[in-house]
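Report on the structure given below.
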Number of protein chains: 2
Amino acid sequence: MTLKHAPTLDDVAKHANVSTATVSRCINTPDQVRQLTRKRVEAAIAELGYTPHFGGMALASNRTNTIGAVIPTMENAIFARGLQVLQEELSAAGVTLLVATSQYDSEQEAHQIQALVSRGVDGIVLIGDARSESVYDFLKGRNIPFVLMWTHKNDPQHCYVGFDNKLAAESIAKHVVSLGHKRFGMISGITADNDRARARVQGVKDVLKQNGIILQAPYLMEVPYSLEDGKEATLELLTLPNRPTAVFFGNDVQAAGALQATRHLKLKVPDDVSIIGFDDIDLASAVEPPLTTVHVPHRRMGREAARIIMRMAREKVPGQSVILKTDIVERRSLGKFLPQDGKQ
Amino acid sequence: MTLKHAPTLDDVAKHANVSTATVSRCINTPDQVRQLTRKRVEAAIAELGYTPHFGGMALASNRTNTIGAVIPTMENAIFARGLQVLQEELSAAGVTLLVATSQYDSEQEAHQIQALVSRGVDGIVLIGDARSESVYDFLKGRNIPFVLMWTHKNDPQHCYVGFDNKLAAESIAKHVVSLGHKRFGMISGITADNDRARARVQGVKDVLKQNGIILQAPYLMEVPYSLEDGKEATLELLTLPNRPTAVFFGNDVQAAGALQATRHLKLKVPDDVSIIGFDDIDLASAVEPPLTTVHVPHRRMGREAARIIMRMAREKVPGQSVILKTDIVERRSLGKFLPQDGKQ
DNA sequence: TTTCTAAATGCAAGCGCTTACATATTATTT
DNA sequence: AAATAATATGTAAGCGCTTGCATTTAGAAA
C-alpha cells in the first residue's frame, strides 16, 4: 500500500479500521484506548510511517509544545552553553526549542519575536530586558509567557532568570582595586540595546568612582563582542599615554582578543597589564594566561529557564524570578600592581 | 475594539470590510489587490496587531517557509559560524531556520529529523552523511529535499556542500611529515556516527603508512570534542613511552585542550611537541601558540547550503553538490622536528 | 452611452487534527 | 438474566488559512 501524499490521521484510521478520533487518542492519551485497539493503531502507524502533521495539530489544539528563544548571536560562544542546556531540558520534556537571533539589534529582535509568536510558540525566552515596551505589551496581549535570562531586576513585572550584572561587575572591580591598581581601562560591548553591557560598565564605573577615579573615554571604549574587535581596541587602549595597568572587558571573547594584542605589543600579562574577563566561557581557560573572569552559571540558568517557562506555559501561572550567584574565578591574567617595576 | 483571542484573518476581513480571501491575497500576493483595498486591509492589520497563524497557513498551503537543520551540538563553536551564516542567508530570503541537535548520536538525529518533518519544514540541512539508509528513504519518500554539509563524496545520490575531509587530513599530514617528524600521535573525535572524524583519521593514517608508519592505539585515541577531553587525552598520550613529536587532532577544540596539557607537562609547543588542529575556528588563533590547522570554509559552506536548499525547496529540483577547498593555515603550534635536541 | 474585456473581489471547500458529545460496548451489580 | 455503571469508540464541528471558481466591478473600446 503506497500513498502519493504523506499519510494522514485518516489514512491510519482507515488502515486500522477505527475512527480518526481513536487514532488521535492513541497518540495523545494512549490509556484512554483499549490495549487491543491501540496495538492495531500502532501497527498501522508504523506500517504507514505516519508522522503527525504539526500544522494540523497546532490548529486544532492551539498548542504547539514549542518554546522560542531569541538570542543575540550564535556566532560566539557566549550563549552556546546555556542554550544547549535549555534545549536539552526542553527536549527531555518533549518540547521543541526554536532559536532565532537578533544580532544585538532590538528591531530584529522584535521581528523574530513576532515570527515565533506567529508560529504559535507556547512561551518565549529572551536575553536581557532592554527592549521597547511595545514588545512586552504585544506578548502580554497575546498571553504568551516569557522569561528574561542573563539579567535580574527586582521588578515583579517580569520573570527574570539571571544574575545581577552590575553587582558582579562591582565585585570584580573591587577585587582589582584591592590589588593596588591605579590606572584602569575598560573595553565594553556595545551598550545600545544591551542592559548587561550597560550594567557591567556601570558597576565598574561606580566602584572606581568610589575610589576617586573617573573611568571615561578614551579609557572606556565600546566595541562588538569579537576576538578581532577586542584585539583592535586593546591595541588602541594600550598605546594611549598613561597606559592602564588593569583592563576590564565586557566579556571573555574580547579579553581573549586582548591577549593577542598584548603579545603583539610585547606586553606581559599580568606583569605589564592585567586583563579581566567576564562570563567564564570555555575560551577563558583555554587561552594563555587563562583569564581571571566572572563566572556566570550558564547551565543553571539554562535549566531554570527551561523549568520555569514550561511551567508558565503549561499551568498559565506567572513565573517566579530566580536570581543566581556569580563568582570571581581567579586565574592568571590578573596580578597585583607593583609600583615602579619593583619585584615583590 | 478588543478581542479576547488573537486576531484572525476573519477579524481583519470584517474590520476592513472585505472577504478573508482578499486579506489573504494582501499578505501573499499584494499586487493582486487594488491599492485602495490594500491600504484599508493594511490599516486593519496594523490596528488589530494581526499576525498570521502559522499552523493555519501551513495546513492550507502546505508550505512553511522553513528549513530545518540538525547539527551535532551547539555547545562548542565548531558549527556556530556556518550555522549563523546559514541562518542569515535564509532569513534574508524570508525563510526561518529551525535548529535541532543530535549530540553526535544518529538515533537522536533520526528523531530530530522526524520532528522537523512533522513541523513541515520545506527542506533539511544535515551534517555529514553517516546515518542509516532508512533516514534517506524517509526523506525521499516524503519528498523533502536535503543537503549534507561538512563533507563531500562523489555520490550523485546526495547533494553535498562541503569538502573532502580525508584529502584535507592527508594534505596536512604530508606537510607535517615533510617537516621531519618521525613519531606521531592522533587524538580524534569519536568516529562512530561521524564520517568526518573517520575520514580525518583515515587521511592521516594513509599518509603515515606511505611513510612506513603505522598509526594505532595507544598513539591513536578517540575522545569527544571538548577542551577537557582533549587535555586529558593529551596528558595520556604525551606520557607514553616514545612520546610523539607531532600530534594530530580531530579538531581545534581538542587541540586547544592539548595546549593546556602541554603547559601542565612543561612541554614546549612546538619545540617539544607539535600540535596540529583542524577546522580553524576562532579559538585556534586565540590560544598561545596559535594553532596550525586546516582552514574550513565555514561561511562559504553556510551560504552555499542556504542557496542550494532554498532552490531545491522552491523549484523542486535536485541540488548540485558543491565541493569547497580547505587550506592549511600555518601558525605556530607546528614546528620542524630537530633530531637530538639540536638547535637549527 | 453601451458592450466587452480584464482586473478585483467574494464564496466556499477543504488542509489534518482535536474534542465535546453521542453511541456502543463491556464489566459490575443485583 | 436484567439493569446499571463504566469504559471505549465514533460522529462531526470546527481551528485559521489558501485557492479554484464564480461573480462583481472598473476600465477600454465601440
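Ordering of the C-alpha cells sets the chain letters (A, B, ...), residue numbers begin anew at 1 in every chain, and ligands are numbered from 1 in the order given.
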With a distance cut-off of 9 Å and only C-alpha atoms (C1' of nucleotides), select the neighbouring residues of range 263-277 of chain B, excluding the residue or stretch itself and same-chain residues fewer than 2 positions from it, and output the selection as a PDB file with C-alpha atoms, in the first residue's frame.
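Output contents, as saved in part10.pdb:
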ATOM      1  CA  ILE B 172      48.224  18.478   6.421  1.00  0.00           C
ATOM      2  CA  VAL B 176      53.836  17.546   8.945  1.00  0.00           C
ATOM      3  CA  LEU B 235      48.128  14.096  29.058  1.00  0.00           C
ATOM      4  CA  LEU B 238      52.374  12.536  25.948  1.00  0.00           C
ATOM      5  CA  THR B 239      53.371  10.423  28.892  1.00  0.00           C
ATOM      6  CA  ARG B 243      56.493  10.299  23.023  1.00  0.00           C
ATOM      7  CA  PRO B 244      55.260  11.575  19.662  1.00  0.00           C
ATOM      8  CA  THR B 245      56.774  14.783  18.394  1.00  0.00           C
ATOM      9  CA  ALA B 246      53.674  15.691  16.445  1.00  0.00           C
ATOM     10  CA  VAL B 247      50.078  15.125  17.412  1.00  0.00           C
ATOM     11  CA  PHE B 248      47.114  15.464  15.073  1.00  0.00           C
ATOM     12  CA  PHE B 249      43.765  16.441  16.485  1.00  0.00           C
ATOM     13  CA  GLY B 250      40.255  15.823  15.318  1.00  0.00           C
ATOM     14  CA  ASN B 251      39.561  19.483  15.774  1.00  0.00           C
ATOM     15  CA  ASP B 252      40.750  22.727  17.263  1.00  0.00           C
ATOM     16  CA  VAL B 253      38.823  22.416  20.486  1.00  0.00           C
ATOM     17  CA  GLN B 254      40.702  19.281  21.368  1.00  0.00           C
ATOM     18  CA  ALA B 255      43.946  20.835  20.203  1.00  0.00           C
ATOM     19  CA  ALA B 256      43.360  23.822  22.456  1.00  0.00           C
ATOM     20  CA  ALA B 258      46.135  19.794  24.324  1.00  0.00           C
ATOM     21  CA  LEU B 259      47.885  23.099  24.793  1.00  0.00           C
ATOM     22  CA  GLN B 260      46.681  23.137  28.369  1.00  0.00           C
ATOM     23  CA  ALA B 261      48.087  19.654  28.800  1.00  0.00           C
ATOM     24  CA  ASP B 279      38.636  23.394  11.431  1.00  0.00           C
ATOM     25  CA  ASP B 280      40.185  26.783  12.099  1.00  0.00           C
ATOM     26  CA  ALA B 284      42.596  28.371  17.010  1.00  0.00           C
ATOM     27  CA  PRO B 289      50.759  29.400  20.462  1.00  0.00           C
ATOM     28  CA  LEU B 291      47.226  26.585  16.169  1.00  0.00           C
ATOM     29  CA  THR B 292      48.437  25.394  12.844  1.00  0.00           C
ATOM     30  CA  THR B 293      45.285  23.895  11.489  1.00  0.00           C
ATOM     31  CA  VAL B 294      43.146  23.121   8.468  1.00  0.00           C
ATOM     32  CA  ARG B 332      52.958  28.468  15.472  1.00  0.00           C
ATOM     33  CA  SER B 333      51.914  25.195  17.059  1.00  0.00           C
ATOM     34  CA  LEU B 334      53.701  23.159  14.419  1.00  0.00           C
ATOM     35  CA  GLY B 335      57.475  23.170  14.040  1.00  0.00           C
ATOM     36  CA  LYS B 336      60.212  21.167  12.413  1.00  0.00           C
ATOM     37  CA  PHE B 337      61.466  18.051  14.035  1.00  0.00           C
ATOM     38  CA  LEU B 338      65.041  18.657  15.115  1.00  0.00           C
TER      39      LEU B 338
END
#### Entry: Interface list for chain C, partner chain A, 10 Å threshold, only C-alpha atoms (C1' of nucleotides), as a PyMOL selection string
chain C and resi 15-19
Selection export as a PDB file, in the first residue's frame, atoms kept: N, CA and C atoms (P, O5', C5', C4', C3', O3' and C1' of nucleotides):
ATOM      1  P    DC C  15      -8.920  17.837   1.824  1.00  0.00           P
ATOM      2  O5'  DC C  15      -7.612  18.387   2.546  1.00  0.00           O
ATOM      3  C5'  DC C  15      -6.556  19.009   1.809  1.00  0.00           C
ATOM      4  C4'  DC C  15      -5.661  19.695   2.814  1.00  0.00           C
ATOM      5  C3'  DC C  15      -5.432  18.867   4.076  1.00  0.00           C
ATOM      6  O3'  DC C  15      -4.192  18.185   3.932  1.00  0.00           O
ATOM      7  C1'  DC C  15      -5.936  21.184   4.583  1.00  0.00           C
ATOM      8  P    DG C  16      -4.125  16.628   4.192  1.00  0.00           P
ATOM      9  O5'  DG C  16      -3.982  16.561   5.778  1.00  0.00           O
ATOM     10  C5'  DG C  16      -2.864  17.166   6.393  1.00  0.00           C
ATOM     11  C4'  DG C  16      -3.070  17.148   7.889  1.00  0.00           C
ATOM     12  C3'  DG C  16      -3.426  15.780   8.472  1.00  0.00           C
ATOM     13  O3'  DG C  16      -2.606  15.582   9.602  1.00  0.00           O
ATOM     14  C1'  DG C  16      -5.037  17.365   9.117  1.00  0.00           C
ATOM     15  P    DC C  17      -2.828  14.388  10.610  1.00  0.00           P
ATOM     16  O5'  DC C  17      -3.611  15.107  11.784  1.00  0.00           O
ATOM     17  C5'  DC C  17      -2.892  15.985  12.630  1.00  0.00           C
ATOM     18  C4'  DC C  17      -3.855  16.771  13.480  1.00  0.00           C
ATOM     19  C3'  DC C  17      -4.486  15.992  14.634  1.00  0.00           C
ATOM     20  O3'  DC C  17      -3.728  16.257  15.802  1.00  0.00           O
ATOM     21  C1'  DC C  17      -6.056  17.435  13.505  1.00  0.00           C
ATOM     22  P    DT C  18      -4.155  15.506  17.172  1.00  0.00           P
ATOM     23  O5'  DT C  18      -5.391  16.379  17.671  1.00  0.00           O
ATOM     24  C5'  DT C  18      -5.146  17.660  18.206  1.00  0.00           C
ATOM     25  C4'  DT C  18      -6.442  18.246  18.723  1.00  0.00           C
ATOM     26  C3'  DT C  18      -6.997  17.591  19.986  1.00  0.00           C
ATOM     27  O3'  DT C  18      -7.400  18.662  20.818  1.00  0.00           O
ATOM     28  C1'  DT C  18      -8.648  17.617  18.304  1.00  0.00           C
ATOM     29  P    DT C  19      -7.639  18.429  22.385  1.00  0.00           P
ATOM     30  O5'  DT C  19      -9.225  18.374  22.484  1.00  0.00           O
ATOM     31  C5'  DT C  19      -9.989  19.404  21.867  1.00  0.00           C
ATOM     32  C4'  DT C  19     -11.465  19.068  21.975  1.00  0.00           C
ATOM     33  C3'  DT C  19     -11.828  18.190  23.173  1.00  0.00           C
ATOM     34  O3'  DT C  19     -13.104  18.615  23.636  1.00  0.00           O
ATOM     35  C1'  DT C  19     -12.531  17.150  21.209  1.00  0.00           C
TER      36       DT C  19
END
Could you list the residues in chain A lying within 8 Å of chain B, using only C-alpha atoms, and format the result as a PDB file with N, CA and C atoms, in the first residue's frame?
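Final output, saved to selection.pdb:
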ATOM      1  N   HIS A   5       0.744  10.894  -1.080  1.00  0.00           N
ATOM      2  CA  HIS A   5       0.932  12.005  -0.150  1.00  0.00           C
ATOM      3  C   HIS A   5       1.376  11.453   1.202  1.00  0.00           C
ATOM      4  N   ALA A   6       1.874  12.333   2.032  1.00  0.00           N
ATOM      5  CA  ALA A   6       2.264  11.908   3.368  1.00  0.00           C
ATOM      6  C   ALA A   6       1.015  11.337   4.052  1.00  0.00           C
ATOM      7  N   THR A  51       3.570  10.361  10.455  1.00  0.00           N
ATOM      8  CA  THR A  51       4.078  11.413  11.336  1.00  0.00           C
ATOM      9  C   THR A  51       2.984  12.466  11.454  1.00  0.00           C
ATOM     10  N   PRO A  52       2.604  12.826  12.653  1.00  0.00           N
ATOM     11  CA  PRO A  52       1.525  13.806  12.796  1.00  0.00           C
ATOM     12  C   PRO A  52       1.871  15.095  12.068  1.00  0.00           C
ATOM     13  N   HIS A  53       0.896  15.724  11.542  1.00  0.00           N
ATOM     14  CA  HIS A  53       1.103  16.991  10.845  1.00  0.00           C
ATOM     15  C   HIS A  53       1.025  18.123  11.858  1.00  0.00           C
ATOM     16  N   PHE A  54       2.171  18.785  12.000  1.00  0.00           N
ATOM     17  CA  PHE A  54       2.270  19.787  13.043  1.00  0.00           C
ATOM     18  C   PHE A  54       1.245  20.908  12.896  1.00  0.00           C
ATOM     19  N   GLY A  55       1.098  21.360  11.675  1.00  0.00           N
ATOM     20  CA  GLY A  55       0.151  22.452  11.436  1.00  0.00           C
ATOM     21  C   GLY A  55      -1.259  22.068  11.838  1.00  0.00           C
ATOM     22  N   GLY A  56      -1.631  20.873  11.473  1.00  0.00           N
ATOM     23  CA  GLY A  56      -2.969  20.405  11.843  1.00  0.00           C
ATOM     24  C   GLY A  56      -3.137  20.362  13.348  1.00  0.00           C
ATOM     25  N   MET A  57      -2.142  19.822  14.005  1.00  0.00           N
ATOM     26  CA  MET A  57      -2.185  19.748  15.461  1.00  0.00           C
ATOM     27  C   MET A  57      -2.307  21.132  16.076  1.00  0.00           C
ATOM     28  N   ALA A  58      -1.446  22.003  15.597  1.00  0.00           N
ATOM     29  CA  ALA A  58      -1.407  23.353  16.154  1.00  0.00           C
ATOM     30  C   ALA A  58      -2.759  24.025  15.981  1.00  0.00           C
ATOM     31  N   LEU A  59      -3.322  23.821  14.822  1.00  0.00           N
ATOM     32  CA  LEU A  59      -4.571  24.475  14.512  1.00  0.00           C
ATOM     33  C   LEU A  59      -5.700  23.951  15.410  1.00  0.00           C
ATOM     34  N   THR A  73      23.254  36.260  19.287  1.00  0.00           N
ATOM     35  CA  THR A  73      24.043  35.635  18.228  1.00  0.00           C
ATOM     36  C   THR A  73      24.412  34.204  18.593  1.00  0.00           C
ATOM     37  N   MET A  74      24.624  33.407  17.587  1.00  0.00           N
ATOM     38  CA  MET A  74      25.153  32.070  17.837  1.00  0.00           C
ATOM     39  C   MET A  74      26.627  32.036  17.519  1.00  0.00           C
ATOM     40  N   GLU A  75      27.120  33.131  16.975  1.00  0.00           N
ATOM     41  CA  GLU A  75      28.456  33.065  16.386  1.00  0.00           C
ATOM     42  C   GLU A  75      29.565  32.968  17.427  1.00  0.00           C
ATOM     43  N   ASN A  76      29.410  33.623  18.538  1.00  0.00           N
ATOM     44  CA  ASN A  76      30.406  33.367  19.562  1.00  0.00           C
ATOM     45  C   ASN A  76      29.783  32.514  20.664  1.00  0.00           C
ATOM     46  N   ALA A  77      30.620  32.102  21.563  1.00  0.00           N
ATOM     47  CA  ALA A  77      30.212  31.028  22.457  1.00  0.00           C
ATOM     48  C   ALA A  77      29.411  31.503  23.657  1.00  0.00           C
ATOM     49  N   ALA A  80      26.072  29.855  23.964  1.00  0.00           N
ATOM     50  CA  ALA A  80      26.017  28.478  23.486  1.00  0.00           C
ATOM     51  C   ALA A  80      25.670  27.476  24.584  1.00  0.00           C
ATOM     52  N   ARG A  81      26.367  27.571  25.685  1.00  0.00           N
ATOM     53  CA  ARG A  81      26.173  26.554  26.704  1.00  0.00           C
ATOM     54  C   ARG A  81      24.795  26.629  27.334  1.00  0.00           C
ATOM     55  N   LEU A  83      22.171  27.818  26.114  1.00  0.00           N
ATOM     56  CA  LEU A  83      21.183  27.453  25.109  1.00  0.00           C
ATOM     57  C   LEU A  83      21.111  25.946  24.952  1.00  0.00           C
ATOM     58  N   GLN A  84      22.274  25.337  24.931  1.00  0.00           N
ATOM     59  CA  GLN A  84      22.334  23.894  24.782  1.00  0.00           C
ATOM     60  C   GLN A  84      21.582  23.222  25.935  1.00  0.00           C
ATOM     61  N   LEU A  97      12.614  23.444  20.957  1.00  0.00           N
ATOM     62  CA  LEU A  97      13.101  24.815  21.085  1.00  0.00           C
ATOM     63  C   LEU A  97      13.351  25.402  19.707  1.00  0.00           C
ATOM     64  N   LEU A  98      12.809  26.573  19.486  1.00  0.00           N
ATOM     65  CA  LEU A  98      13.053  27.307  18.245  1.00  0.00           C
ATOM     66  C   LEU A  98      13.997  28.441  18.545  1.00  0.00           C
ATOM     67  N   VAL A  99      15.115  28.498  17.866  1.00  0.00           N
ATOM     68  CA  VAL A  99      16.097  29.524  18.163  1.00  0.00           C
ATOM     69  C   VAL A  99      16.166  30.558  17.052  1.00  0.00           C
ATOM     70  N   ALA A 100      16.132  31.793  17.411  1.00  0.00           N
ATOM     71  CA  ALA A 100      16.313  32.858  16.430  1.00  0.00           C
ATOM     72  C   ALA A 100      17.363  33.816  16.959  1.00  0.00           C
ATOM     73  N   GLN A 114       7.990  38.249  16.853  1.00  0.00           N
ATOM     74  CA  GLN A 114       6.740  38.176  16.098  1.00  0.00           C
ATOM     75  C   GLN A 114       6.664  36.869  15.301  1.00  0.00           C
ATOM     76  N   SER A 118       3.960  33.936  15.766  1.00  0.00           N
ATOM     77  CA  SER A 118       3.108  33.511  14.664  1.00  0.00           C
ATOM     78  C   SER A 118       3.238  32.010  14.436  1.00  0.00           C
ATOM     79  N   ARG A 119       4.334  31.460  14.867  1.00  0.00           N
ATOM     80  CA  ARG A 119       4.493  30.010  14.791  1.00  0.00           C
ATOM     81  C   ARG A 119       3.840  29.331  15.978  1.00  0.00           C
ATOM     82  N   GLY A 120       3.236  30.115  16.789  1.00  0.00           N
ATOM     83  CA  GLY A 120       2.463  29.535  17.880  1.00  0.00           C
ATOM     84  C   GLY A 120       3.262  28.999  19.049  1.00  0.00           C
ATOM     85  N   ARG A 142      -0.980  38.935  23.871  1.00  0.00           N
ATOM     86  CA  ARG A 142      -1.185  37.626  23.270  1.00  0.00           C
ATOM     87  C   ARG A 142      -1.190  36.511  24.312  1.00  0.00           C
ATOM     88  N   LEU A 227      36.734  38.533  18.986  1.00  0.00           N
ATOM     89  CA  LEU A 227      38.172  38.470  19.212  1.00  0.00           C
ATOM     90  C   LEU A 227      38.859  39.651  18.549  1.00  0.00           C
ATOM     91  N   ALA A 256      40.061  37.695  25.355  1.00  0.00           N
ATOM     92  CA  ALA A 256      40.974  36.797  24.649  1.00  0.00           C
ATOM     93  C   ALA A 256      41.635  37.538  23.495  1.00  0.00           C
ATOM     94  N   GLY A 257      40.855  38.371  22.837  1.00  0.00           N
ATOM     95  CA  GLY A 257      41.432  39.200  21.782  1.00  0.00           C
ATOM     96  C   GLY A 257      42.499  40.121  22.351  1.00  0.00           C
ATOM     97  N   LEU A 259      44.466  39.534  24.730  1.00  0.00           N
ATOM     98  CA  LEU A 259      45.694  38.772  24.932  1.00  0.00           C
ATOM     99  C   LEU A 259      46.526  38.739  23.651  1.00  0.00           C
ATOM    100  N   GLN A 260      45.852  38.630  22.536  1.00  0.00           N
ATOM    101  CA  GLN A 260      46.577  38.681  21.258  1.00  0.00           C
ATOM    102  C   GLN A 260      47.251  40.036  21.100  1.00  0.00           C
ATOM    103  N   ASP A 282      34.313  28.741  27.937  1.00  0.00           N
ATOM    104  CA  ASP A 282      35.422  27.804  27.794  1.00  0.00           C
ATOM    105  C   ASP A 282      36.715  28.494  27.401  1.00  0.00           C
ATOM    106  N   LEU A 283      36.555  29.391  26.480  1.00  0.00           N
ATOM    107  CA  LEU A 283      37.700  30.125  25.960  1.00  0.00           C
ATOM    108  C   LEU A 283      38.574  30.707  27.073  1.00  0.00           C
ATOM    109  N   ALA A 286      41.108  28.449  28.159  1.00  0.00           N
ATOM    110  CA  ALA A 286      41.923  27.873  27.093  1.00  0.00           C
ATOM    111  C   ALA A 286      43.077  28.775  26.688  1.00  0.00           C
ATOM    112  N   VAL A 287      42.922  30.057  26.935  1.00  0.00           N
ATOM    113  CA  VAL A 287      43.967  30.969  26.495  1.00  0.00           C
ATOM    114  C   VAL A 287      45.100  31.024  27.511  1.00  0.00           C
ATOM    115  N   GLU A 288      46.187  31.658  27.120  1.00  0.00           N
ATOM    116  CA  GLU A 288      47.356  31.751  27.995  1.00  0.00           C
ATOM    117  C   GLU A 288      47.756  33.209  28.144  1.00  0.00           C
TER     118      GLU A 288
END
### Task
Kindly determine which residues of chain D lie within 10 Å of chain A, considering only C-alpha atoms (C1' of nucleotides), and give the answer as number ranges by chain.
D: 7-11, 14-17
Would you mind listing what lies within 10 Å of DC11 in chain C as a CSV table (one decimal) with C-alpha atoms (C1' of nucleotides), in the first residue's frame, with only C-alpha atoms (C1' of nucleotides) counted and same-chain residues fewer than 2 positions away left out?
chain,number,residue,atom,x,y,z
B,19,SER,CA,-13.5,38.9,2.5
B,21,ALA,CA,-9.7,35.8,0.5
C,9,DT,C1',-13.2,40.5,-5.0
C,13,DA,C1',-14.4,23.8,0.1
D,21,DC,C1',-14.0,29.2,-9.4
D,22,DA,C1',-18.0,32.3,-9.8
D,23,DT,C1',-19.2,36.9,-9.5
#### Entry: Every residue of range 166-317 of chain B that DSSP places in strand (DSSP E or B), as JSON, numbers by chain
{"B": [184, 185, 186, 187, 188, 220, 221, 222, 246, 247, 248, 249, 274, 275, 276, 279, 292, 293, 294, 295]}
### Message
Env of Asn154 in chain A: 9 Å cut, atoms = only C-alpha atoms (C1' of nucleotides), seq-sep filter 4 positions within chain, self excluded. Answer as a PyMOL selection string.
### Response
chain A and resi 158+160+321
Expected file contents, prior selection, N, CA and C atoms, as a PDB file, in the first residue's frame:
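Writing the result to result-v6.pdb gives the following:
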ATOM      1  N   HIS A 158       8.320  41.367  35.446  1.00  0.00           N
ATOM      2  CA  HIS A 158       8.855  40.340  34.569  1.00  0.00           C
ATOM      3  C   HIS A 158       9.420  39.174  35.357  1.00  0.00           C
ATOM      4  N   TYR A 160      12.561  37.063  35.708  1.00  0.00           N
ATOM      5  CA  TYR A 160      13.984  37.025  35.389  1.00  0.00           C
ATOM      6  C   TYR A 160      14.616  35.710  35.828  1.00  0.00           C
ATOM      7  N   SER A 321      10.728  34.795  39.539  1.00  0.00           N
ATOM      8  CA  SER A 321      12.104  35.120  39.161  1.00  0.00           C
ATOM      9  C   SER A 321      13.105  34.308  39.959  1.00  0.00           C
TER      10      SER A 321
END
### Message
Report, in Å to a single decimal, how far apart CA of Lys325 in chain B and CA of Phe163 in chain B are.
### Response
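Answer for the CA of Phe163 in chain B to CA of Lys325 in chain B separation: 6.2 Å.
Picture a line from CA of Gly128 in chain B to CA of Ala168 in chain B; it runs 15.2 Å.
The space between CA of Lys153 in chain A and CA of Ile281 in chain A spans 23.3 Å.
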### Query
DA6 in chain D: which residues within 9 Å, counting only C-alpha atoms (C1' of nucleotides), same-chain residues fewer than 6 positions away excluded, as a list in words?
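The filter keeps DT26, DA27 and DT28 of chain C.
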Selection above as a file: N, CA and C atoms (P, O5', C5', C4', C3', O3' and C1' of nucleotides), as a PDB file, in the first residue's frame:
ATOM      1  P    DT C  26     -17.630  -5.929  23.251  1.00  0.00           P
ATOM      2  O5'  DT C  26     -17.362  -5.723  24.801  1.00  0.00           O
ATOM      3  C5'  DT C  26     -16.197  -5.031  25.222  1.00  0.00           C
ATOM      4  C4'  DT C  26     -16.346  -4.722  26.692  1.00  0.00           C
ATOM      5  C3'  DT C  26     -16.482  -5.958  27.591  1.00  0.00           C
ATOM      6  O3'  DT C  26     -15.324  -6.050  28.395  1.00  0.00           O
ATOM      7  C1'  DT C  26     -18.001  -4.221  28.202  1.00  0.00           C
ATOM      8  P    DA C  27     -15.168  -7.198  29.476  1.00  0.00           P
ATOM      9  O5'  DA C  27     -15.709  -6.451  30.773  1.00  0.00           O
ATOM     10  C5'  DA C  27     -15.035  -5.292  31.235  1.00  0.00           C
ATOM     11  C4'  DA C  27     -15.691  -4.833  32.520  1.00  0.00           C
ATOM     12  C3'  DA C  27     -15.783  -5.899  33.624  1.00  0.00           C
ATOM     13  O3'  DA C  27     -15.385  -5.261  34.839  1.00  0.00           O
ATOM     14  C1'  DA C  27     -17.943  -5.037  33.162  1.00  0.00           C
ATOM     15  P    DT C  28     -15.330  -6.067  36.209  1.00  0.00           P
ATOM     16  O5'  DT C  28     -16.700  -5.624  36.887  1.00  0.00           O
ATOM     17  C5'  DT C  28     -16.897  -4.238  37.225  1.00  0.00           C
ATOM     18  C4'  DT C  28     -18.260  -4.089  37.848  1.00  0.00           C
ATOM     19  C3'  DT C  28     -18.518  -5.044  39.020  1.00  0.00           C
ATOM     20  O3'  DT C  28     -18.764  -4.257  40.173  1.00  0.00           O
ATOM     21  C1'  DT C  28     -20.369  -4.995  37.509  1.00  0.00           C
TER      22       DT C  28
END
#### Entry: Those in range 65-170 of chain B with helix (DSSP H, G or I) from DSSP, as a ChimeraX atom specification
/B:77-92,106-118,133-141,165-170
### Task
Would you kindly return, as number ranges by chain, each protein, DNA or RNA residue with an atom no farther than 10 Å from any atom of Tyr136 in chain A, considering only C-alpha atoms (C1' of nucleotides) and excluding same-chain residues fewer than 6 positions away?
A: 110, 129, 142, 144, 146, 157-158
### Query
Between D:DA30, D:DT4, D:DA12, D:DT19, which is the closest to DG14 in chain C once you count only C-alpha atoms (C1' of nucleotides)?
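Residue with the minimum atom-to-atom distance to DG14 in chain C: D:DT19.
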### Query
Hey, what's within 8 Å of range 1-7 of chain C if we count only C-alpha atoms (C1' of nucleotides) and toss same-chain stuff fewer than 4 positions away? As a ChimeraX atom specification, please?
/D:26,28-30
